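This is coords.cif (mmCIF, C-alpha atoms, pLDDT in the B column; chains and numbers go by the auth columns).
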data_data
loop_
_atom_site.group_PDB
_atom_site.id
_atom_site.type_symbol
_atom_site.label_atom_id
_atom_site.label_comp_id
_atom_site.label_asym_id
_atom_site.label_seq_id
_atom_site.Cartn_x
_atom_site.Cartn_y
_atom_site.Cartn_z
_atom_site.B_iso_or_equiv
_atom_site.auth_seq_id
_atom_site.auth_asym_id
ATOM 1 C CA MET A 1 38.044 34.964 45.672 51.00 11 B
ATOM 2 C CA PRO A 2 38.775 38.696 46.244 58.00 12 B
ATOM 3 C CA ASP A 3 42.143 40.007 45.085 68.00 13 B
ATOM 4 C CA TYR A 4 43.852 40.177 48.475 74.00 14 B
ATOM 5 C CA ASP A 5 47.287 41.683 49.034 78.00 15 B
ATOM 6 C CA PHE A 6 48.781 39.180 51.481 78.00 16 B
ATOM 7 C CA ARG A 7 52.152 40.883 51.864 85.00 17 B
ATOM 8 C CA THR A 8 51.389 44.498 52.759 90.00 18 B
ATOM 9 C CA LYS A 9 50.584 45.166 56.415 92.00 19 B
ATOM 10 C CA ARG A 10 47.038 46.303 57.222 94.00 20 B
ATOM 11 C CA LEU A 11 45.889 48.842 59.803 95.00 21 B
ATOM 12 C CA PHE A 12 42.401 49.575 61.120 95.00 22 B
ATOM 13 C CA VAL A 13 41.651 53.288 61.597 94.00 23 B
ATOM 14 C CA GLU A 14 38.575 55.183 62.756 91.00 24 B
ATOM 15 C CA LEU A 15 39.213 57.976 60.217 91.00 25 B
ATOM 16 C CA ASP A 16 37.221 58.492 57.016 91.00 26 B
ATOM 17 C CA LEU A 17 38.998 57.223 53.906 94.00 27 B
ATOM 18 C CA GLY A 18 38.486 58.403 50.350 90.00 28 B
ATOM 19 C CA GLY A 19 39.581 60.581 47.473 81.00 29 B
ATOM 20 C CA ASP A 20 43.012 62.220 47.357 75.00 30 B
ATOM 21 C CA ALA A 21 43.052 63.059 51.056 83.00 31 B
ATOM 22 C CA SER A 22 45.779 62.559 53.593 88.00 32 B
ATOM 23 C CA VAL A 23 45.139 60.994 56.984 91.00 33 B
ATOM 24 C CA THR A 24 46.901 61.790 60.230 92.00 34 B
ATOM 25 C CA LEU A 25 47.177 58.854 62.571 91.00 35 B
ATOM 26 C CA ASN A 26 46.875 59.186 66.327 89.00 36 B
ATOM 27 C CA ARG A 27 49.856 58.639 68.615 90.00 37 B
ATOM 28 C CA GLU A 28 49.156 54.958 69.245 90.00 38 B
ATOM 29 C CA ALA A 29 48.786 54.080 65.549 90.00 39 B
ATOM 30 C CA SER A 30 51.788 56.205 64.619 92.00 40 B
ATOM 31 C CA HIS A 31 53.940 54.446 67.227 90.00 41 B
ATOM 32 C CA TYR A 32 52.791 51.091 65.847 90.00 42 B
ATOM 33 C CA LEU A 33 53.745 52.049 62.284 91.00 43 B
ATOM 34 C CA ILE A 34 57.093 53.661 63.024 90.00 44 B
ATOM 35 C CA THR A 35 58.382 51.786 66.069 90.00 45 B
ATOM 36 C CA VAL A 36 56.771 48.340 65.864 90.00 46 B
ATOM 37 C CA LEU A 37 56.564 47.839 62.089 90.00 47 B
ATOM 38 C CA ARG A 38 59.658 50.024 61.485 91.00 48 B
ATOM 39 C CA LEU A 39 58.123 51.775 58.487 91.00 49 B
ATOM 40 C CA GLY A 40 59.354 55.133 57.253 90.00 50 B
ATOM 41 C CA ILE A 41 58.714 57.844 54.689 94.00 51 B
ATOM 42 C CA GLY A 42 57.739 56.355 51.333 94.00 52 B
ATOM 43 C CA ASP A 43 56.613 53.012 52.781 94.00 53 B
ATOM 44 C CA VAL A 44 53.040 51.852 52.234 95.00 54 B
ATOM 45 C CA ILE A 45 50.359 50.195 54.348 95.00 55 B
ATOM 46 C CA LEU A 46 46.768 49.138 53.722 96.00 56 B
ATOM 47 C CA LEU A 47 44.142 51.075 55.672 96.00 57 B
ATOM 48 C CA PHE A 48 40.503 50.213 56.396 96.00 58 B
ATOM 49 C CA ASN A 49 37.782 51.522 58.708 95.00 59 B
ATOM 50 C CA GLY A 50 34.897 49.101 58.194 93.00 60 B
ATOM 51 C CA ARG A 51 33.018 51.644 56.034 93.00 61 B
ATOM 52 C CA ASP A 52 35.045 52.890 53.074 95.00 62 B
ATOM 53 C CA GLY A 53 36.770 49.818 51.715 95.00 63 B
ATOM 54 C CA GLU A 54 40.522 49.240 51.765 96.00 64 B
ATOM 55 C CA TRP A 55 43.037 51.931 50.764 96.00 65 B
ATOM 56 C CA LEU A 56 46.745 51.979 50.050 95.00 66 B
ATOM 57 C CA GLY A 57 48.398 54.683 52.110 95.00 67 B
ATOM 58 C CA GLN A 58 51.934 56.008 51.661 95.00 68 B
ATOM 59 C CA ILE A 59 53.788 57.557 54.593 94.00 69 B
ATOM 60 C CA ASP A 60 54.560 61.260 53.993 93.00 70 B
ATOM 61 C CA LYS A 61 55.553 62.142 57.552 89.00 71 B
ATOM 62 C CA ALA A 62 56.975 59.740 60.091 87.00 72 B
ATOM 63 C CA ASP A 63 57.324 60.370 63.789 78.00 73 B
ATOM 64 C CA LYS A 64 56.034 58.565 66.869 71.00 74 B
ATOM 65 C CA LYS A 65 53.363 61.175 67.624 80.00 75 B
ATOM 66 C CA SER A 66 51.553 61.755 64.325 84.00 76 B
ATOM 67 C CA ALA A 67 52.383 59.883 61.150 91.00 77 B
ATOM 68 C CA VAL A 68 50.731 61.314 58.014 93.00 78 B
ATOM 69 C CA LEU A 69 49.771 59.101 55.086 95.00 79 B
ATOM 70 C CA ALA A 70 48.638 60.045 51.589 94.00 80 B
ATOM 71 C CA LEU A 71 45.854 57.872 50.191 95.00 81 B
ATOM 72 C CA VAL A 72 47.199 56.489 46.919 94.00 82 B
ATOM 73 C CA LYS A 73 44.255 54.397 45.708 93.00 83 B
ATOM 74 C CA GLN A 74 41.406 52.196 46.839 94.00 84 B
ATOM 75 C CA THR A 75 42.512 48.569 46.632 94.00 85 B
ATOM 76 C CA ARG A 76 39.131 46.972 47.490 94.00 86 B
ATOM 77 C CA PRO A 77 35.619 48.444 47.709 94.00 87 B
ATOM 78 C CA GLN A 78 33.544 47.909 50.831 94.00 88 B
ATOM 79 C CA PRO A 79 31.675 44.596 50.408 90.00 89 B
ATOM 80 C CA GLU A 80 28.102 43.953 51.441 88.00 90 B
ATOM 81 C CA ARG A 81 27.937 43.318 55.168 87.00 91 B
ATOM 82 C CA THR A 82 26.934 39.880 56.388 88.00 92 B
ATOM 83 C CA ASP A 83 24.181 39.796 59.006 94.00 93 B
ATOM 84 C CA ILE A 84 25.189 36.982 61.341 96.00 94 B
ATOM 85 C CA ASP A 85 25.145 37.556 65.081 97.00 95 B
ATOM 86 C CA TYR A 86 27.418 35.281 67.094 97.00 96 B
ATOM 87 C CA LEU A 87 25.798 34.536 70.461 97.00 97 B
ATOM 88 C CA PHE A 88 28.108 32.724 72.857 95.00 98 B
ATOM 89 C CA ALA A 89 28.489 31.880 76.527 92.00 99 B
ATOM 90 C CA PRO A 90 31.762 33.472 77.737 90.00 100 B
ATOM 91 C CA ILE A 91 34.682 31.160 78.486 87.00 101 B
ATOM 92 C CA LYS A 92 38.109 31.630 80.080 83.00 102 B
ATOM 93 C CA THR A 93 40.374 34.330 78.699 79.00 103 B
ATOM 94 C CA ALA A 94 42.858 32.441 76.514 83.00 104 B
ATOM 95 C CA ARG A 95 40.168 30.425 74.749 87.00 105 B
ATOM 96 C CA LEU A 96 37.884 33.459 74.580 90.00 106 B
ATOM 97 C CA ASP A 97 40.611 35.223 72.598 92.00 107 B
ATOM 98 C CA TYR A 98 40.565 32.333 70.115 93.00 108 B
ATOM 99 C CA LEU A 99 36.764 32.304 69.998 93.00 109 B
ATOM 100 C CA VAL A 100 36.624 36.028 69.183 94.00 110 B
ATOM 101 C CA GLN A 101 39.353 35.857 66.550 95.00 111 B
ATOM 102 C CA LYS A 102 37.745 32.929 64.732 95.00 112 B
ATOM 103 C CA ALA A 103 34.304 34.552 64.805 95.00 113 B
ATOM 104 C CA VAL A 104 35.777 37.551 62.970 96.00 114 B
ATOM 105 C CA GLU A 105 37.506 35.341 60.414 94.00 115 B
ATOM 106 C CA MET A 106 34.322 33.323 59.838 94.00 116 B
ATOM 107 C CA GLY A 107 32.222 36.408 59.045 93.00 117 B
ATOM 108 C CA ALA A 108 30.337 37.390 62.210 96.00 118 B
ATOM 109 C CA SER A 109 28.782 40.841 62.065 96.00 119 B
ATOM 110 C CA ARG A 110 28.142 41.187 65.813 97.00 120 B
ATOM 111 C CA LEU A 111 29.418 39.368 68.894 97.00 121 B
ATOM 112 C CA VAL A 112 26.963 38.976 71.778 97.00 122 B
ATOM 113 C CA PRO A 113 28.092 37.417 75.097 95.00 123 B
ATOM 114 C CA VAL A 114 25.155 35.473 76.571 96.00 124 B
ATOM 115 C CA ILE A 115 24.944 34.440 80.231 94.00 125 B
ATOM 116 C CA THR A 116 23.272 31.044 80.693 93.00 126 B
ATOM 117 C CA LYS A 117 22.591 28.905 83.744 92.00 127 B
ATOM 118 C CA HIS A 118 25.813 26.934 83.335 89.00 128 B
ATOM 119 C CA THR A 119 28.067 29.784 82.166 89.00 129 B
ATOM 120 C CA GLN A 120 31.243 29.454 84.236 79.00 130 B
ATOM 121 C CA PHE A 121 32.983 32.700 83.341 74.00 131 B
ATOM 122 C CA SER A 122 31.404 36.147 83.001 66.00 132 B
ATOM 123 C CA ARG A 123 34.096 38.691 83.924 76.00 133 B
ATOM 124 C CA LEU A 124 34.616 40.022 80.428 86.00 134 B
ATOM 125 C CA ASN A 125 37.384 42.402 79.450 90.00 135 B
ATOM 126 C CA GLU A 126 35.623 44.287 76.653 92.00 136 B
ATOM 127 C CA GLU A 127 38.740 46.298 75.788 93.00 137 B
ATOM 128 C CA ARG A 128 40.701 43.089 75.253 93.00 138 B
ATOM 129 C CA MET A 129 37.871 41.594 73.192 94.00 139 B
ATOM 130 C CA ARG A 130 37.694 44.696 71.018 95.00 140 B
ATOM 131 C CA ALA A 131 41.464 44.588 70.475 94.00 141 B
ATOM 132 C CA ASN A 132 41.187 40.932 69.419 95.00 142 B
ATOM 133 C CA ILE A 133 38.398 41.786 66.980 96.00 143 B
ATOM 134 C CA ILE A 134 40.495 44.504 65.331 96.00 144 B
ATOM 135 C CA GLU A 135 43.661 42.411 65.239 95.00 145 B
ATOM 136 C CA ALA A 136 41.835 39.500 63.613 95.00 146 B
ATOM 137 C CA ALA A 137 40.309 41.815 61.002 95.00 147 B
ATOM 138 C CA GLU A 138 43.725 43.295 60.225 94.00 148 B
ATOM 139 C CA GLN A 139 45.383 39.901 59.851 92.00 149 B
ATOM 140 C CA CYS A 140 42.790 38.035 57.786 91.00 150 B
ATOM 141 C CA GLY A 141 41.704 40.708 55.296 90.00 151 B
ATOM 142 C CA VAL A 142 38.244 41.363 56.736 91.00 152 B
ATOM 143 C CA LEU A 143 36.873 44.806 55.862 93.00 153 B
ATOM 144 C CA HIS A 144 33.919 44.705 58.257 92.00 154 B
ATOM 145 C CA VAL A 145 34.804 44.986 61.925 94.00 155 B
ATOM 146 C CA PRO A 146 32.137 43.202 63.983 95.00 156 B
ATOM 147 C CA ASP A 147 30.295 45.115 66.694 96.00 157 B
ATOM 148 C CA LEU A 148 30.646 43.953 70.295 96.00 158 B
ATOM 149 C CA ALA A 149 27.376 43.980 72.245 96.00 159 B
ATOM 150 C CA PRO A 150 27.109 44.118 76.055 94.00 160 B
ATOM 151 C CA GLU A 151 26.609 40.774 77.758 94.00 161 B
ATOM 152 C CA ILE A 152 22.985 39.739 78.207 95.00 162 B
ATOM 153 C CA LYS A 153 21.181 36.967 80.086 95.00 163 B
ATOM 154 C CA LEU A 154 19.640 34.283 77.916 96.00 164 B
ATOM 155 C CA ASP A 155 16.086 34.880 79.142 96.00 165 B
ATOM 156 C CA ALA A 156 16.383 38.590 78.351 97.00 166 B
ATOM 157 C CA LEU A 157 17.785 37.792 74.905 97.00 167 B
ATOM 158 C CA LEU A 158 14.870 35.482 74.101 96.00 168 B
ATOM 159 C CA ALA A 159 12.318 37.974 75.425 96.00 169 B
ATOM 160 C CA GLN A 160 13.465 40.594 72.927 96.00 170 B
ATOM 161 C CA TRP A 161 14.314 38.282 70.026 96.00 171 B
ATOM 162 C CA ASP A 162 13.373 39.652 66.593 94.00 172 B
ATOM 163 C CA SER A 163 11.319 36.957 64.851 92.00 173 B
ATOM 164 C CA ALA A 164 12.692 38.136 61.499 94.00 174 B
ATOM 165 C CA ARG A 165 16.124 36.828 62.557 96.00 175 B
ATOM 166 C CA THR A 166 16.553 33.051 62.387 96.00 176 B
ATOM 167 C CA LEU A 167 18.162 31.658 65.533 97.00 177 B
ATOM 168 C CA ILE A 168 20.498 28.761 64.782 96.00 178 B
ATOM 169 C CA PHE A 169 20.429 26.929 68.113 96.00 179 B
ATOM 170 C CA CYS A 170 23.460 24.633 68.362 93.00 180 B
ATOM 171 C CA ASP A 171 22.059 21.933 70.614 90.00 181 B
ATOM 172 C CA GLU A 172 24.258 19.152 71.952 82.00 182 B
ATOM 173 C CA ARG A 173 21.117 17.002 72.393 82.00 183 B
ATOM 174 C CA ALA A 174 20.020 17.262 68.761 81.00 184 B
ATOM 175 C CA GLU A 175 21.301 13.769 68.055 71.00 185 B
ATOM 176 C CA GLY A 176 20.935 12.213 64.637 68.00 186 B
ATOM 177 C CA GLU A 177 19.608 15.348 62.962 77.00 187 B
ATOM 178 C CA ASP A 178 21.263 16.192 59.648 88.00 188 B
ATOM 179 C CA PRO A 179 22.734 19.715 60.085 91.00 189 B
ATOM 180 C CA ILE A 180 22.790 20.446 56.352 92.00 190 B
ATOM 181 C CA ALA A 181 19.135 19.498 55.957 92.00 191 B
ATOM 182 C CA ALA A 182 18.198 21.545 59.018 90.00 192 B
ATOM 183 C CA LEU A 183 19.898 24.641 57.624 92.00 193 B
ATOM 184 C CA GLN A 184 18.471 24.164 54.143 92.00 194 B
ATOM 185 C CA ALA A 185 14.995 24.224 55.707 90.00 195 B
ATOM 186 C CA ALA A 186 15.714 27.435 57.621 90.00 196 B
ATOM 187 C CA LYS A 187 14.435 30.808 56.515 87.00 197 B
ATOM 188 C CA ARG A 188 17.049 32.875 54.682 87.00 198 B
ATOM 189 C CA GLY A 189 17.839 36.341 55.965 91.00 199 B
ATOM 190 C CA PRO A 190 19.386 37.688 59.187 95.00 200 B
ATOM 191 C CA ILE A 191 20.855 34.964 61.389 96.00 201 B
ATOM 192 C CA GLY A 192 21.928 34.456 64.976 97.00 202 B
ATOM 193 C CA VAL A 193 24.212 31.521 65.835 97.00 203 B
ATOM 194 C CA LEU A 194 23.945 30.452 69.494 97.00 204 B
ATOM 195 C CA ILE A 195 26.694 28.398 71.171 95.00 205 B
ATOM 196 C CA GLY A 196 26.161 27.270 74.748 91.00 206 B
ATOM 197 C CA PRO A 197 28.543 26.964 77.704 89.00 207 B
ATOM 198 C CA GLU A 198 30.842 24.054 78.502 83.00 208 B
ATOM 199 C CA GLY A 199 28.129 22.574 80.728 83.00 209 B
ATOM 200 C CA GLY A 200 25.484 22.757 78.015 88.00 210 B
ATOM 201 C CA PHE A 201 22.012 24.260 78.184 92.00 211 B
ATOM 202 C CA SER A 202 19.627 23.435 81.019 93.00 212 B
ATOM 203 C CA SER A 203 16.392 21.618 80.210 93.00 213 B
ATOM 204 C CA GLU A 204 14.449 24.825 80.955 96.00 214 B
ATOM 205 C CA GLU A 205 16.653 26.873 78.629 96.00 215 B
ATOM 206 C CA ARG A 206 16.305 24.287 75.871 95.00 216 B
ATOM 207 C CA ALA A 207 12.521 24.314 76.211 95.00 217 B
ATOM 208 C CA ASP A 208 12.424 28.128 76.057 96.00 218 B
ATOM 209 C CA LEU A 209 14.688 28.174 72.994 96.00 219 B
ATOM 210 C CA LEU A 210 12.585 25.650 71.126 94.00 220 B
ATOM 211 C CA LYS A 211 9.459 27.771 71.706 94.00 221 B
ATOM 212 C CA LEU A 212 10.811 30.523 69.460 93.00 222 B
ATOM 213 C CA PRO A 213 9.009 30.555 66.094 90.00 223 B
ATOM 214 C CA SER A 214 12.229 31.438 64.272 93.00 224 B
ATOM 215 C CA VAL A 215 14.533 28.788 65.771 95.00 225 B
ATOM 216 C CA THR A 216 16.443 26.109 63.846 94.00 226 B
ATOM 217 C CA ARG A 217 17.928 23.343 65.965 93.00 227 B
ATOM 218 C CA LEU A 218 21.386 22.323 64.792 93.00 228 B
ATOM 219 C CA SER A 219 23.471 19.256 65.595 91.00 229 B
ATOM 220 C CA LEU A 220 27.255 19.603 65.431 90.00 230 B
ATOM 221 C CA GLY A 221 27.908 15.897 65.062 86.00 231 B
ATOM 222 C CA PRO A 222 28.329 12.841 67.283 83.00 232 B
ATOM 223 C CA ARG A 223 31.137 14.253 69.449 85.00 233 B
ATOM 224 C CA ILE A 224 30.933 16.868 72.208 84.00 234 B
ATOM 225 C CA LEU A 225 32.907 19.908 71.054 88.00 235 B
ATOM 226 C CA ARG A 226 34.510 22.526 73.245 90.00 236 B
ATOM 227 C CA ALA A 227 32.740 25.867 73.012 88.00 237 B
ATOM 228 C CA ASP A 228 35.428 27.554 70.905 89.00 238 B
ATOM 229 C CA THR A 229 35.575 24.599 68.497 92.00 239 B
ATOM 230 C CA ALA A 230 31.781 24.472 68.289 92.00 240 B
ATOM 231 C CA GLY A 231 31.697 28.074 67.127 93.00 241 B
ATOM 232 C CA VAL A 232 34.012 27.381 64.191 94.00 242 B
ATOM 233 C CA ALA A 233 32.072 24.235 63.237 94.00 243 B
ATOM 234 C CA ALA A 234 28.723 26.034 63.395 95.00 244 B
ATOM 235 C CA PHE A 235 29.933 28.987 61.335 95.00 245 B
ATOM 236 C CA ALA A 236 31.381 26.694 58.673 95.00 246 B
ATOM 237 C CA LEU A 237 28.002 24.980 58.298 95.00 247 B
ATOM 238 C CA VAL A 238 26.001 28.211 58.326 95.00 248 B
ATOM 239 C CA GLN A 239 28.256 30.022 55.856 94.00 249 B
ATOM 240 C CA ALA A 240 28.301 27.037 53.504 94.00 250 B
ATOM 241 C CA VAL A 241 24.500 26.639 53.433 94.00 251 B
ATOM 242 C CA LEU A 242 23.086 30.091 54.166 92.00 252 B
ATOM 243 C CA GLY A 243 25.984 32.535 54.061 89.00 253 B
ATOM 244 C CA ASP A 244 28.648 33.942 51.789 86.00 254 B
ATOM 245 C CA TRP A 245 30.414 30.630 51.075 82.00 255 B
ATOM 246 C CA ARG A 246 27.603 29.649 48.720 76.00 256 B
ATOM 247 C CA MET A 247 28.255 29.801 44.975 60.00 257 B
ATOM 248 C CA LYS A 248 26.365 32.753 43.481 55.00 258 B
#
Could you spell out this file's structure in C-alpha cells?
Amino acid sequence: MPDYDFRTKRLFVELDLGGDASVTLNREASHYLITVLRLGIGDVILLFNGRDGEWLGQIDKADKKSAVLALVKQTRPQPERTDIDYLFAPIKTARLDYLVQKAVEMGASRLVPVITKHTQFSRLNEERMRANIIEAAEQCGVLHVPDLAPEIKLDALLAQWDSARTLIFCDERAEGEDPIAALQAAKRGPIGVLIGPEGGFSSEERADLLKLPSVTRLSLGPRILRADTAGVAAFALVQAVLGDWRMK
C-alpha cells in the first residue's frame, strides 16, 4: 500500500512539477485555494499533474488571482501507468457522474463513451465529465488522470480495434461462465473493459463482438446489474486477476 497522506488537500495542476521551483496557479485554482479551502501563506497542499508524481507545495503568496507555491519535496513518485480502457454506453447525468468517478478510482487509464443500438442517452457534457475525472483523482489519491476520448459508435470501435488489446466483453447473456477462469485464460497486456447500455447488447452487436480474436466474454453473476454498478464489478474482477491488485 503506498504511503498516502489522507489529511492534506490535493490539487491537480497542468504545470510541470519538479526540483526547487515555484509554481504560480491560475485564477481559478488560486480562488479555490484561498477562498474555498481558506488556505493562506505558509499552508501546504499536495500537487500533482499526472506526469511528475505528487509534490508538497507551500503557499508563498496568497491572493485570489495568482497564488504562488514553493515546491518543498516530492511525496510520491509517478507510478507506472495502467493500460485499461473503460468503454461504456452513456447513461443519465447523475449516474454518469458516479460511473466516471468510480472508473477513476478503479484505475482506468482512458474513458471511451460508446454508442450502441440500445444506448438511451448520448448528449454528453465533456466538460462536466472532465471535471469529475479530476475531482475523483484529487480525492482518492490517484496520480494518473485518465484521458477522455470522444464518443464513438460500437461498429466503428470494433472496426478499428487493436488486436493487441484484449477486449473484456461484459455480456449479460454469458450465464454460468466462471468470470475468474475466463480472465485467467485471457492474454495479459493492454485491456479494454466494455459495459453495455441498460437495454443490453443487440444480438447483432453480440455476434460482432464475439468475432474479435482478442475478446474475452465475461459474466458478472446471476443478477442483472445497472450499468454503473456493472462497471465497478467488472473493474474489481479485472484488477484482481489481470491488473494492479495482484500480489507481485
> Which one of B:Val248, B:Ala113, B:Leu222, B:Ala77 sits closest to Val152 in chain B if you count all atoms listed in the file?
Replying inline: B:Ala113
> Within 9 Å of range 186-190 of chain B, counting only C-alpha atoms, which residues qualify if same-chain residues fewer than 2 places away don't, as a ChimeraX atom specification?
Replying inline: /B:184,192-195,227-232,247-248,251
>> I need the residue nearest Leu27 in chain B from this list: B:Leu235, B:Val82, B:Leu219, B:Cys150. Use only C-alpha atoms for the distance.
In response: B:Val82
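The list of residues with at least one atom within 8 Å of Ile125 in chain B, based on all atoms listed in the file and without residues fewer than 2 positions apart in the same chain, reads Ala99, Pro100, Pro123, Lys127, Thr129, Ser132, Glu161, Ile162, Lys163 and Leu164 of chain B.
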>> Using all atoms listed in the file and a cutoff of 7 Å, can you tell me which residues are near (48.1, 47.7, 56.0) in the file's coordinates, and write them out as a PyMOL selection string?
In response: chain B and resi 18-21+55-57
> Which one of B:Arg216, B:Asn135, B:Asp73, B:Gln88 sits closest to Thr103 in chain B if you count all atoms listed in the file?
Replying inline: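 Of the candidates, the smallest distance to Thr103 in chain B is held by B:Asn135.
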> For Gly253 in chain B, which residue among B:Asp107, B:Val54, B:Val122, B:Gly199 is the nearest when counting only C-alpha atoms?
Replying inline: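 Looking at the shortest contact to Gly253 in chain B, the residue is B:Gly199.
Of the residues listed (B:Ser224, B:Thr176, B:Thr45, B:Thr85), B:Thr176 shows the shortest atom-to-atom separation from Leu252 in chain B; distances use all atoms listed in the file.
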> So which residues touch Met116 in chain B within 12 Å, counting all atoms listed in the file, skipping near sequence neighbours fewer than 4 positions away, as a count of residues only?
Replying inline: 33
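When CA of Glu64 in chain B is paired with CA of Pro87 in chain B, their separation reads 6.4 Å.
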> Which value, in Å to one decimal, gives the distance between CA of Pro200 in chain B and CA of Leu97 in chain B?
Replying inline: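 Going from CA of Pro200 in chain B over to CA of Leu97 in chain B, I get 13.3 Å.
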What are the centre and the three edge lengths of an axis-aligned box that wraps all atoms of range 130-149 of chain B in the file, given that 6 Å is added to every side, written as JSON and rounded to one decimal in Å?
{"center_x": 38.3, "center_y": 37.9, "center_z": 72.0, "size_x": 26.1, "size_y": 28.8, "size_z": 36.4}
> In Å to one decimal, how far is CA of Gln149 in chain B from CA of Gly67 in chain B?
Replying inline: 17.0 Å
> Which residues fall under the PyMOL selection byres ((chain B and resi 75) around 10) in this file, as a list of chain:residue names?
Replying inline: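 Applied to this file, the PyMOL selection byres ((chain B and resi 75) around 10) selects B:Thr34, B:Leu35, B:Asn36, B:Arg37, B:Glu38, B:Ala39, B:Ser40, B:His41, B:Ile44, B:Ala72, B:Asp73, B:Lys74, B:Ser76, B:Ala77, B:Val78.
Shortest separation to Leu177 in chain B among B:Leu79, B:Arg61, B:Gly202, B:Val124 occurs at residue B:Gly202, atoms counted being only C-alpha atoms.
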